[in-house]
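Shown next: coords02.cif, containing mmCIF, N, CA and C atoms.
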```
data_input
#
loop_
_atom_site.group_PDB
_atom_site.id
_atom_site.type_symbol
_atom_site.label_atom_id
_atom_site.label_comp_id
_atom_site.auth_asym_id
_atom_site.auth_seq_id
_atom_site.Cartn_x
_atom_site.Cartn_y
_atom_site.Cartn_z
ATOM 1 N N HIS A 1 -8.698 16.029 -6.269
ATOM 2 C CA HIS A 1 -8.248 16.008 -4.887
ATOM 3 C C HIS A 1 -6.989 16.846 -4.758
ATOM 4 N N PRO A 2 -6.708 17.336 -3.581
ATOM 5 C CA PRO A 2 -5.565 18.244 -3.416
ATOM 6 C C PRO A 2 -4.233 17.541 -3.642
ATOM 7 N N CYS A 3 -3.350 18.204 -4.341
ATOM 8 C CA CYS A 3 -2.006 17.670 -4.546
ATOM 9 C C CYS A 3 -1.031 18.518 -3.739
ATOM 10 N N ASN A 4 0.007 17.894 -3.272
ATOM 11 C CA ASN A 4 1.050 18.636 -2.580
ATOM 12 C C ASN A 4 2.234 18.749 -3.530
ATOM 13 N N TYR A 5 2.760 19.942 -3.653
ATOM 14 C CA TYR A 5 3.876 20.133 -4.566
ATOM 15 C C TYR A 5 5.161 20.354 -3.798
ATOM 16 N N ILE A 6 6.194 19.633 -4.201
ATOM 17 C CA ILE A 6 7.511 19.797 -3.608
ATOM 18 C C ILE A 6 8.359 20.562 -4.609
ATOM 19 N N ASN A 7 8.971 21.647 -4.173
ATOM 20 C CA ASN A 7 9.828 22.462 -5.047
ATOM 21 C C ASN A 7 9.077 22.920 -6.307
ATOM 22 N N GLY A 8 7.744 22.941 -6.231
ATOM 23 C CA GLY A 8 6.969 23.431 -7.357
ATOM 24 C C GLY A 8 6.985 22.519 -8.562
ATOM 25 N N THR A 9 7.532 21.310 -8.446
ATOM 26 C CA THR A 9 7.612 20.473 -9.636
ATOM 27 C C THR A 9 6.842 19.158 -9.474
ATOM 28 N N THR A 10 7.185 18.391 -8.470
ATOM 29 C CA THR A 10 6.628 17.053 -8.367
ATOM 30 C C THR A 10 5.433 17.009 -7.435
ATOM 31 N N ALA A 11 4.329 16.498 -7.935
ATOM 32 C CA ALA A 11 3.168 16.318 -7.079
ATOM 33 C C ALA A 11 3.314 14.992 -6.342
ATOM 34 N N VAL A 12 2.906 14.994 -5.097
ATOM 35 C CA VAL A 12 3.004 13.790 -4.297
ATOM 36 C C VAL A 12 1.665 13.520 -3.641
ATOM 37 N N MET A 13 1.318 12.251 -3.568
ATOM 38 C CA MET A 13 0.138 11.872 -2.821
ATOM 39 C C MET A 13 0.598 11.204 -1.540
ATOM 40 N N LYS A 14 0.014 11.614 -0.435
ATOM 41 C CA LYS A 14 0.408 11.065 0.856
ATOM 42 C C LYS A 14 -0.641 10.061 1.323
ATOM 43 N N ILE A 15 -0.187 8.860 1.625
ATOM 44 C CA ILE A 15 -1.075 7.847 2.177
ATOM 45 C C ILE A 15 -0.400 7.221 3.397
ATOM 46 N N THR A 16 -1.164 6.485 4.153
ATOM 47 C CA THR A 16 -0.625 5.749 5.283
ATOM 48 C C THR A 16 -0.741 4.262 4.984
ATOM 49 N N VAL A 17 0.343 3.540 5.188
ATOM 50 C CA VAL A 17 0.335 2.089 5.042
ATOM 51 C C VAL A 17 0.530 1.499 6.433
ATOM 52 N N GLU A 18 -0.415 0.642 6.846
ATOM 53 C CA GLU A 18 -0.313 0.017 8.150
ATOM 54 C C GLU A 18 -0.272 -1.493 7.997
ATOM 55 N N LEU A 19 0.442 -2.139 8.913
ATOM 56 C CA LEU A 19 0.634 -3.583 8.843
ATOM 57 C C LEU A 19 0.385 -4.185 10.207
ATOM 58 N N SER A 20 -0.271 -5.342 10.229
ATOM 59 C CA SER A 20 -0.433 -6.020 11.511
ATOM 60 C C SER A 20 -0.628 -7.507 11.300
ATOM 61 N N GLY A 21 -0.727 -8.229 12.399
ATOM 62 C CA GLY A 21 -0.938 -9.668 12.341
ATOM 63 C C GLY A 21 0.301 -10.448 11.937
ATOM 64 N N GLY A 22 1.456 -9.767 11.926
ATOM 65 C CA GLY A 22 2.684 -10.421 11.499
ATOM 66 C C GLY A 22 3.223 -9.863 10.199
ATOM 67 N N ALA A 23 2.370 -9.192 9.414
ATOM 68 C CA ALA A 23 2.829 -8.600 8.149
ATOM 69 C C ALA A 23 3.930 -7.570 8.401
ATOM 70 N N GLU A 24 3.882 -6.912 9.575
ATOM 71 C CA GLU A 24 4.886 -5.878 9.867
ATOM 72 C C GLU A 24 6.295 -6.449 9.993
ATOM 73 N N LEU A 25 6.392 -7.764 10.238
ATOM 74 C CA LEU A 25 7.713 -8.385 10.360
ATOM 75 C C LEU A 25 8.494 -8.311 9.052
ATOM 76 N N LEU A 26 7.783 -8.213 7.929
ATOM 77 C CA LEU A 26 8.437 -8.116 6.621
ATOM 78 C C LEU A 26 8.911 -6.696 6.345
ATOM 79 N N PHE A 27 8.494 -5.756 7.212
ATOM 80 C CA PHE A 27 8.785 -4.340 6.991
ATOM 81 C C PHE A 27 9.566 -3.771 8.176
ATOM 82 N N GLY A 28 10.517 -4.546 8.682
ATOM 83 C CA GLY A 28 11.347 -4.072 9.768
ATOM 84 C C GLY A 28 10.593 -3.899 11.071
ATOM 85 N N ASN A 29 9.495 -4.632 11.214
ATOM 86 C CA ASN A 29 8.687 -4.615 12.435
ATOM 87 C C ASN A 29 8.095 -3.235 12.715
ATOM 88 N N LYS A 30 7.943 -2.440 11.656
ATOM 89 C CA LYS A 30 7.316 -1.129 11.819
ATOM 90 C C LYS A 30 5.884 -1.225 11.315
ATOM 91 N N ARG A 31 4.942 -0.843 12.169
ATOM 92 C CA ARG A 31 3.536 -1.047 11.844
ATOM 93 C C ARG A 31 2.926 0.052 10.996
ATOM 94 N N LYS A 32 3.393 1.281 11.187
ATOM 95 C CA LYS A 32 2.759 2.396 10.477
ATOM 96 C C LYS A 32 3.788 3.151 9.655
ATOM 97 N N HIS A 33 3.476 3.342 8.404
ATOM 98 C CA HIS A 33 4.394 4.016 7.484
ATOM 99 C C HIS A 33 3.648 5.167 6.804
ATOM 100 N N ASP A 34 4.215 6.362 6.868
ATOM 101 C CA ASP A 34 3.677 7.479 6.097
ATOM 102 C C ASP A 34 4.403 7.474 4.757
ATOM 103 N N VAL A 35 3.632 7.320 3.699
ATOM 104 C CA VAL A 35 4.211 7.094 2.383
ATOM 105 C C VAL A 35 3.870 8.259 1.458
ATOM 106 N N GLU A 36 4.864 8.677 0.677
ATOM 107 C CA GLU A 36 4.627 9.693 -0.350
ATOM 108 C C GLU A 36 4.811 9.041 -1.708
ATOM 109 N N LEU A 37 3.757 9.085 -2.503
ATOM 110 C CA LEU A 37 3.784 8.472 -3.831
ATOM 111 C C LEU A 37 3.930 9.566 -4.883
ATOM 112 N N PRO A 38 4.920 9.442 -5.763
ATOM 113 C CA PRO A 38 5.073 10.443 -6.820
ATOM 114 C C PRO A 38 3.926 10.355 -7.812
ATOM 115 N N GLU A 39 3.302 11.486 -8.070
ATOM 116 C CA GLU A 39 2.168 11.481 -8.993
ATOM 117 C C GLU A 39 2.617 11.795 -10.409
ATOM 118 N N GLU A 40 2.044 11.067 -11.352
ATOM 119 C CA GLU A 40 2.310 11.331 -12.755
ATOM 120 C C GLU A 40 0.987 11.552 -13.455
ATOM 121 N N GLU A 41 0.977 12.531 -14.350
ATOM 122 C CA GLU A 41 -0.235 12.838 -15.094
ATOM 123 C C GLU A 41 -0.714 11.598 -15.841
ATOM 124 N N GLY A 42 -1.988 11.276 -15.682
ATOM 125 C CA GLY A 42 -2.563 10.171 -16.438
ATOM 126 C C GLY A 42 -2.229 8.793 -15.902
ATOM 127 N N LYS A 43 -1.538 8.721 -14.735
ATOM 128 C CA LYS A 43 -1.232 7.415 -14.153
ATOM 129 C C LYS A 43 -1.734 7.369 -12.717
ATOM 130 N N PRO A 44 -3.014 7.033 -12.559
ATOM 131 C CA PRO A 44 -3.568 7.014 -11.204
ATOM 132 C C PRO A 44 -2.918 5.927 -10.350
ATOM 133 N N TRP A 45 -2.853 6.183 -9.063
ATOM 134 C CA TRP A 45 -2.324 5.184 -8.127
ATOM 135 C C TRP A 45 -3.452 4.240 -7.736
ATOM 136 N N THR A 46 -3.523 3.122 -8.424
ATOM 137 C CA THR A 46 -4.473 2.080 -8.037
ATOM 138 C C THR A 46 -3.769 1.151 -7.050
ATOM 139 N N LEU A 47 -4.544 0.305 -6.389
ATOM 140 C CA LEU A 47 -3.914 -0.675 -5.513
ATOM 141 C C LEU A 47 -3.051 -1.630 -6.323
ATOM 142 N N ALA A 48 -3.429 -1.889 -7.573
ATOM 143 C CA ALA A 48 -2.624 -2.766 -8.440
ATOM 144 C C ALA A 48 -1.240 -2.167 -8.664
ATOM 145 N N ARG A 49 -1.157 -0.838 -8.686
ATOM 146 C CA ARG A 49 0.132 -0.162 -8.882
ATOM 147 C C ARG A 49 0.867 -0.012 -7.551
ATOM 148 N N LEU A 50 0.089 0.125 -6.470
ATOM 149 C CA LEU A 50 0.703 0.328 -5.156
ATOM 150 C C LEU A 50 1.418 -0.924 -4.648
ATOM 151 N N LEU A 51 0.837 -2.100 -4.872
ATOM 152 C CA LEU A 51 1.420 -3.327 -4.303
ATOM 153 C C LEU A 51 2.862 -3.558 -4.741
ATOM 154 N N PRO A 52 3.172 -3.542 -6.054
ATOM 155 C CA PRO A 52 4.574 -3.721 -6.437
ATOM 156 C C PRO A 52 5.458 -2.570 -5.961
ATOM 157 N N TRP A 53 4.896 -1.358 -5.851
ATOM 158 C CA TRP A 53 5.684 -0.230 -5.340
ATOM 159 C C TRP A 53 6.077 -0.492 -3.881
ATOM 160 N N ILE A 54 5.123 -0.976 -3.086
ATOM 161 C CA ILE A 54 5.427 -1.321 -1.694
ATOM 162 C C ILE A 54 6.485 -2.415 -1.651
ATOM 163 N N ARG A 55 6.314 -3.431 -2.496
ATOM 164 C CA ARG A 55 7.277 -4.535 -2.533
ATOM 165 C C ARG A 55 8.680 -4.024 -2.862
ATOM 166 N N ASP A 56 8.778 -3.133 -3.828
ATOM 167 C CA ASP A 56 10.089 -2.684 -4.308
ATOM 168 C C ASP A 56 10.706 -1.589 -3.431
ATOM 169 N N ASN A 57 9.887 -0.834 -2.719
ATOM 170 C CA ASN A 57 10.395 0.327 -1.992
ATOM 171 C C ASN A 57 10.336 0.202 -0.471
ATOM 172 N N MET A 58 9.499 -0.667 0.039
ATOM 173 C CA MET A 58 9.306 -0.739 1.483
ATOM 174 C C MET A 58 9.637 -2.096 2.085
ATOM 175 N N LEU A 59 9.351 -3.141 1.341
ATOM 176 C CA LEU A 59 9.512 -4.491 1.876
ATOM 177 C C LEU A 59 10.992 -4.784 2.124
ATOM 178 N N LEU A 60 11.292 -5.340 3.283
ATOM 179 C CA LEU A 60 12.685 -5.625 3.618
ATOM 180 C C LEU A 60 13.058 -7.080 3.386
ATOM 181 N N GLU A 61 12.093 -7.978 3.409
ATOM 182 C CA GLU A 61 12.447 -9.381 3.212
ATOM 183 C C GLU A 61 11.263 -10.186 2.707
ATOM 184 N N ARG A 62 11.575 -11.257 2.029
ATOM 185 C CA ARG A 62 10.643 -12.297 1.642
ATOM 186 C C ARG A 62 9.369 -11.773 0.968
ATOM 187 N N ALA A 63 9.563 -11.221 -0.225
ATOM 188 C CA ALA A 63 8.437 -10.668 -0.978
ATOM 189 C C ALA A 63 7.347 -11.698 -1.222
ATOM 190 N N GLU A 64 7.737 -12.987 -1.293
ATOM 191 C CA GLU A 64 6.730 -14.022 -1.579
ATOM 192 C C GLU A 64 5.741 -14.185 -0.426
ATOM 193 N N LEU A 65 6.081 -13.644 0.747
ATOM 194 C CA LEU A 65 5.143 -13.698 1.867
ATOM 195 C C LEU A 65 4.158 -12.533 1.831
ATOM 196 N N PHE A 66 4.413 -11.578 0.948
ATOM 197 C CA PHE A 66 3.540 -10.411 0.829
ATOM 198 C C PHE A 66 2.694 -10.475 -0.440
ATOM 199 N N MET A 67 3.357 -10.785 -1.557
ATOM 200 C CA MET A 67 2.649 -10.799 -2.840
ATOM 201 C C MET A 67 2.687 -12.169 -3.478
ATOM 202 N N GLN A 68 1.645 -12.428 -4.250
ATOM 203 C CA GLN A 68 1.608 -13.626 -5.081
ATOM 204 C C GLN A 68 1.035 -13.196 -6.416
ATOM 205 N N GLY A 69 1.824 -13.297 -7.460
ATOM 206 C CA GLY A 69 1.385 -12.758 -8.748
ATOM 207 C C GLY A 69 1.260 -11.246 -8.648
ATOM 208 N N LYS A 70 0.110 -10.710 -9.062
ATOM 209 C CA LYS A 70 -0.092 -9.262 -9.046
ATOM 210 C C LYS A 70 -0.848 -8.786 -7.810
ATOM 211 N N SER A 71 -1.219 -9.712 -6.922
ATOM 212 C CA SER A 71 -2.015 -9.334 -5.767
ATOM 213 C C SER A 71 -1.305 -9.736 -4.480
ATOM 214 N N VAL A 72 -1.953 -9.473 -3.345
ATOM 215 C CA VAL A 72 -1.383 -9.947 -2.090
ATOM 216 C C VAL A 72 -1.589 -11.454 -2.022
ATOM 217 N N ARG A 73 -0.743 -12.120 -1.268
ATOM 218 C CA ARG A 73 -0.883 -13.572 -1.183
ATOM 219 C C ARG A 73 -2.107 -13.915 -0.344
ATOM 220 N N PRO A 74 -2.677 -15.102 -0.578
ATOM 221 C CA PRO A 74 -3.827 -15.518 0.227
ATOM 222 C C PRO A 74 -3.462 -15.481 1.711
ATOM 223 N N GLY A 75 -4.393 -15.032 2.523
ATOM 224 C CA GLY A 75 -4.132 -14.946 3.948
ATOM 225 C C GLY A 75 -3.792 -13.545 4.411
ATOM 226 N N ILE A 76 -3.690 -12.609 3.474
ATOM 227 C CA ILE A 76 -3.488 -11.214 3.858
ATOM 228 C C ILE A 76 -4.773 -10.443 3.552
ATOM 229 N N LEU A 77 -5.351 -9.863 4.588
ATOM 230 C CA LEU A 77 -6.534 -9.026 4.415
ATOM 231 C C LEU A 77 -6.077 -7.610 4.101
ATOM 232 N N VAL A 78 -6.800 -6.968 3.190
ATOM 233 C CA VAL A 78 -6.472 -5.585 2.837
ATOM 234 C C VAL A 78 -7.668 -4.704 3.176
ATOM 235 N N LEU A 79 -7.416 -3.668 3.960
ATOM 236 C CA LEU A 79 -8.459 -2.707 4.303
ATOM 237 C C LEU A 79 -8.063 -1.350 3.740
ATOM 238 N N VAL A 80 -9.022 -0.694 3.087
ATOM 239 C CA VAL A 80 -8.801 0.663 2.591
ATOM 240 C C VAL A 80 -9.711 1.577 3.400
ATOM 241 N N ASN A 81 -9.100 2.482 4.150
ATOM 242 C CA ASN A 81 -9.871 3.356 5.039
ATOM 243 C C ASN A 81 -10.831 2.539 5.903
ATOM 244 N N ASP A 82 -10.319 1.439 6.437
ATOM 245 C CA ASP A 82 -11.041 0.545 7.346
ATOM 246 C C ASP A 82 -12.164 -0.257 6.694
ATOM 247 N N ALA A 83 -12.251 -0.255 5.370
ATOM 248 C CA ALA A 83 -13.240 -1.084 4.673
ATOM 249 C C ALA A 83 -12.523 -2.194 3.916
ATOM 250 N N ASP A 84 -13.125 -3.368 3.878
ATOM 251 C CA ASP A 84 -12.554 -4.489 3.142
ATOM 252 C C ASP A 84 -12.367 -4.080 1.681
ATOM 253 N N TRP A 85 -11.193 -4.341 1.144
ATOM 254 C CA TRP A 85 -10.929 -3.880 -0.226
ATOM 255 C C TRP A 85 -11.841 -4.534 -1.240
ATOM 256 N N GLU A 86 -12.470 -5.658 -0.896
ATOM 257 C CA GLU A 86 -13.423 -6.271 -1.817
ATOM 258 C C GLU A 86 -14.620 -5.356 -2.043
ATOM 259 N N LEU A 87 -14.893 -4.478 -1.081
ATOM 260 C CA LEU A 87 -16.033 -3.570 -1.195
ATOM 261 C C LEU A 87 -15.713 -2.333 -2.026
ATOM 262 N N VAL A 88 -14.423 -2.048 -2.225
ATOM 263 C CA VAL A 88 -14.055 -0.832 -2.949
ATOM 264 C C VAL A 88 -13.429 -1.123 -4.314
ATOM 265 N N GLY A 89 -13.405 -2.405 -4.712
ATOM 266 C CA GLY A 89 -12.913 -2.719 -6.052
ATOM 267 C C GLY A 89 -11.559 -3.391 -6.111
ATOM 268 N N GLU A 90 -11.036 -3.786 -4.939
ATOM 269 C CA GLU A 90 -9.755 -4.492 -4.878
ATOM 270 C C GLU A 90 -8.662 -3.755 -5.649
ATOM 271 N N LEU A 91 -7.987 -4.441 -6.571
ATOM 272 C CA LEU A 91 -6.832 -3.867 -7.262
ATOM 273 C C LEU A 91 -7.179 -2.635 -8.096
ATOM 274 N N ASP A 92 -8.462 -2.495 -8.461
ATOM 275 C CA ASP A 92 -8.867 -1.368 -9.300
ATOM 276 C C ASP A 92 -9.102 -0.084 -8.505
ATOM 277 N N TYR A 93 -9.106 -0.195 -7.180
ATOM 278 C CA TYR A 93 -9.376 0.998 -6.369
ATOM 279 C C TYR A 93 -8.321 2.069 -6.629
ATOM 280 N N VAL A 94 -8.775 3.305 -6.861
ATOM 281 C CA VAL A 94 -7.859 4.421 -7.093
ATOM 282 C C VAL A 94 -7.656 5.171 -5.780
ATOM 283 N N LEU A 95 -6.410 5.212 -5.344
ATOM 284 C CA LEU A 95 -6.073 5.868 -4.082
ATOM 285 C C LEU A 95 -6.271 7.367 -4.150
ATOM 286 N N GLU A 96 -6.618 7.936 -3.007
ATOM 287 C CA GLU A 96 -6.732 9.374 -2.897
ATOM 288 C C GLU A 96 -5.829 9.856 -1.770
ATOM 289 N N ASN A 97 -5.531 11.149 -1.810
ATOM 290 C CA ASN A 97 -4.680 11.737 -0.787
ATOM 291 C C ASN A 97 -5.219 11.406 0.604
ATOM 292 N N ARG A 98 -4.320 11.027 1.498
ATOM 293 C CA ARG A 98 -4.616 10.725 2.900
ATOM 294 C C ARG A 98 -5.380 9.416 3.105
ATOM 295 N N ASP A 99 -5.462 8.598 2.084
ATOM 296 C CA ASP A 99 -6.050 7.268 2.275
ATOM 297 C C ASP A 99 -5.184 6.459 3.231
ATOM 298 N N SER A 100 -5.826 5.496 3.868
ATOM 299 C CA SER A 100 -5.111 4.552 4.717
ATOM 300 C C SER A 100 -5.295 3.158 4.142
ATOM 301 N N VAL A 101 -4.189 2.442 3.956
ATOM 302 C CA VAL A 101 -4.240 1.071 3.454
ATOM 303 C C VAL A 101 -3.620 0.180 4.517
ATOM 304 N N MET A 102 -4.369 -0.829 4.955
ATOM 305 C CA MET A 102 -3.872 -1.704 5.999
ATOM 306 C C MET A 102 -3.784 -3.139 5.492
ATOM 307 N N PHE A 103 -2.671 -3.781 5.808
ATOM 308 C CA PHE A 103 -2.462 -5.193 5.459
ATOM 309 C C PHE A 103 -2.404 -5.983 6.755
ATOM 310 N N ILE A 104 -3.291 -6.959 6.865
ATOM 311 C CA ILE A 104 -3.347 -7.771 8.078
ATOM 312 C C ILE A 104 -3.100 -9.221 7.698
ATOM 313 N N SER A 105 -2.038 -9.776 8.227
ATOM 314 C CA SER A 105 -1.739 -11.179 7.942
ATOM 315 C C SER A 105 -2.589 -12.052 8.857
ATOM 316 N N THR A 106 -3.250 -13.051 8.269
ATOM 317 C CA THR A 106 -4.025 -13.994 9.074
ATOM 318 C C THR A 106 -3.289 -15.309 9.190
ATOM 319 N N LEU A 107 -2.068 -15.335 8.638
ATOM 320 C CA LEU A 107 -1.256 -16.558 8.708
ATOM 321 C C LEU A 107 -0.315 -16.454 9.889
ATOM 322 N N HIS A 108 -0.294 -17.447 10.728
ATOM 323 C CA HIS A 108 0.591 -17.388 11.875
ATOM 324 C C HIS A 108 1.508 -18.589 11.879
ATOM 325 N N GLY A 109 2.644 -18.409 12.504
ATOM 326 C CA GLY A 109 3.622 -19.489 12.499
ATOM 327 C C GLY A 109 4.473 -19.425 11.261
ATOM 328 N N GLY A 110 5.274 -20.443 11.041
ATOM 329 C CA GLY A 110 6.134 -20.421 9.873
ATOM 330 C C GLY A 110 7.390 -21.147 10.208
#
```
Translate the structure described by the file into structure tokens.
Amino acid sequence: HPCNYINGTTAVMKITVELSGGAELLFGNKRKHDVELPEEEGKPWTLARLLPWIRDNMLLERAELFMQGKSVRPGILVLVNDADWELVGELDYVLENRDSVMFISTLHGG
């Protein structure tokens, strides 16, 4: 897949992260984020790798409301390019340039 090079050195993969159903409240109430992931040879960006990266780089508060263990917490639906992530392999899915990942919280109240 096409890589974008910055300054001729670092390859970056561009994806979109979207949040709704209340999940956006953990991310400064911003629903759509254009994300650039640094690419490393031999280290594909799987969803298993993306989740902690989002937690460490994007999440503004209460990580326990987003992740539980190595996955998203129960009650958060994950869509990859508008398909349920269960259909594409969940944490094993390997992201590609311009993919869209959406997190929808089905938990309300608190």
**OP:** Figure out the distance between atom CA of Val94 of chain A and atom CA of Pro44 of chain A, please, to one decimal in Å.
**Re:** 6.5 Å
Subject >> Per-residue DSSP, chain A, filtered to strand (DSSP E), as a ChimeraX atom specification >> reply: /A:4-6,10-20,32-38,67-68,71-72,76-80,83-84,100-105
Subject >> Close residues, segment 99-106 of chain A itself excluded, 6.5 Å, all atoms listed in the file, min 6 positions apart in chain, as a list in words >> reply: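 Listing them by chain and then by number gives Lys14, Ile15, Thr16, Val17, Glu18, Leu19, Ser20, Gly21, Gly22, Ala23, Gly75, Ile76, Leu77, Val78, Leu79, Val80, Asn81 and Asp82 of chain A.
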**OP:** Mind checking which residues fall within 12 Å of Lys43 of chain A, counting only C-alpha atoms, ignoring those fewer than 6 positions away in the same chain, and posting them as a list in words?
**Re:**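 Residues meeting the cut-off are Leu37, Arg49, Leu50, Val94 and Leu95 of chain A.
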Original post:
What gap, in Å, lies between atom CA of Glu61 of chain A and atom C of Leu26 of chain A?
Top reply: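 Separation between atom CA of Glu61 of chain A and atom C of Leu26 of chain A: 5.4 Å.
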Original post:
What is the atom CA of Phe27 of chain A-atom CA of Glu64 of chain A distance in Å, reported with one decimal?
Top reply: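 For atom CA of Phe27 of chain A relative to atom CA of Glu64 of chain A, the distance reads 13.1 Å.
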Subject >> Neighbour list for Glu39 of chain A as a PyMOL selection string, cut-off 7 Å, only N, CA and C atoms, skip fewer than 4 positions in-chain >> reply: chain A and resi 10-13+43
Original post:
Do you know which residues the PyMOL selection byres (((chain A and resi 51 and name CA) around 10) and name CA) returns on this file, as a ChimeraX atom specification?
Top reply: /A:46-50,52-57,66-67,70-72,91
**OP:** Name the residues of chain A that fall into helix (DSSP H, G or I) according to DSSP on the backbone, using the chain letters and numbers of this document, as an NGL selection string.
**Re:** :A and (23-27 or 47-57 or 63-65 or 85-88 or 90-92)
Subject >> Top pick for closest residue to Met58 of chain A, considering A:Leu87, A:Asn97, A:Gly28, A:Asp92 and counting only N, CA and C atoms >> reply: A:Gly28
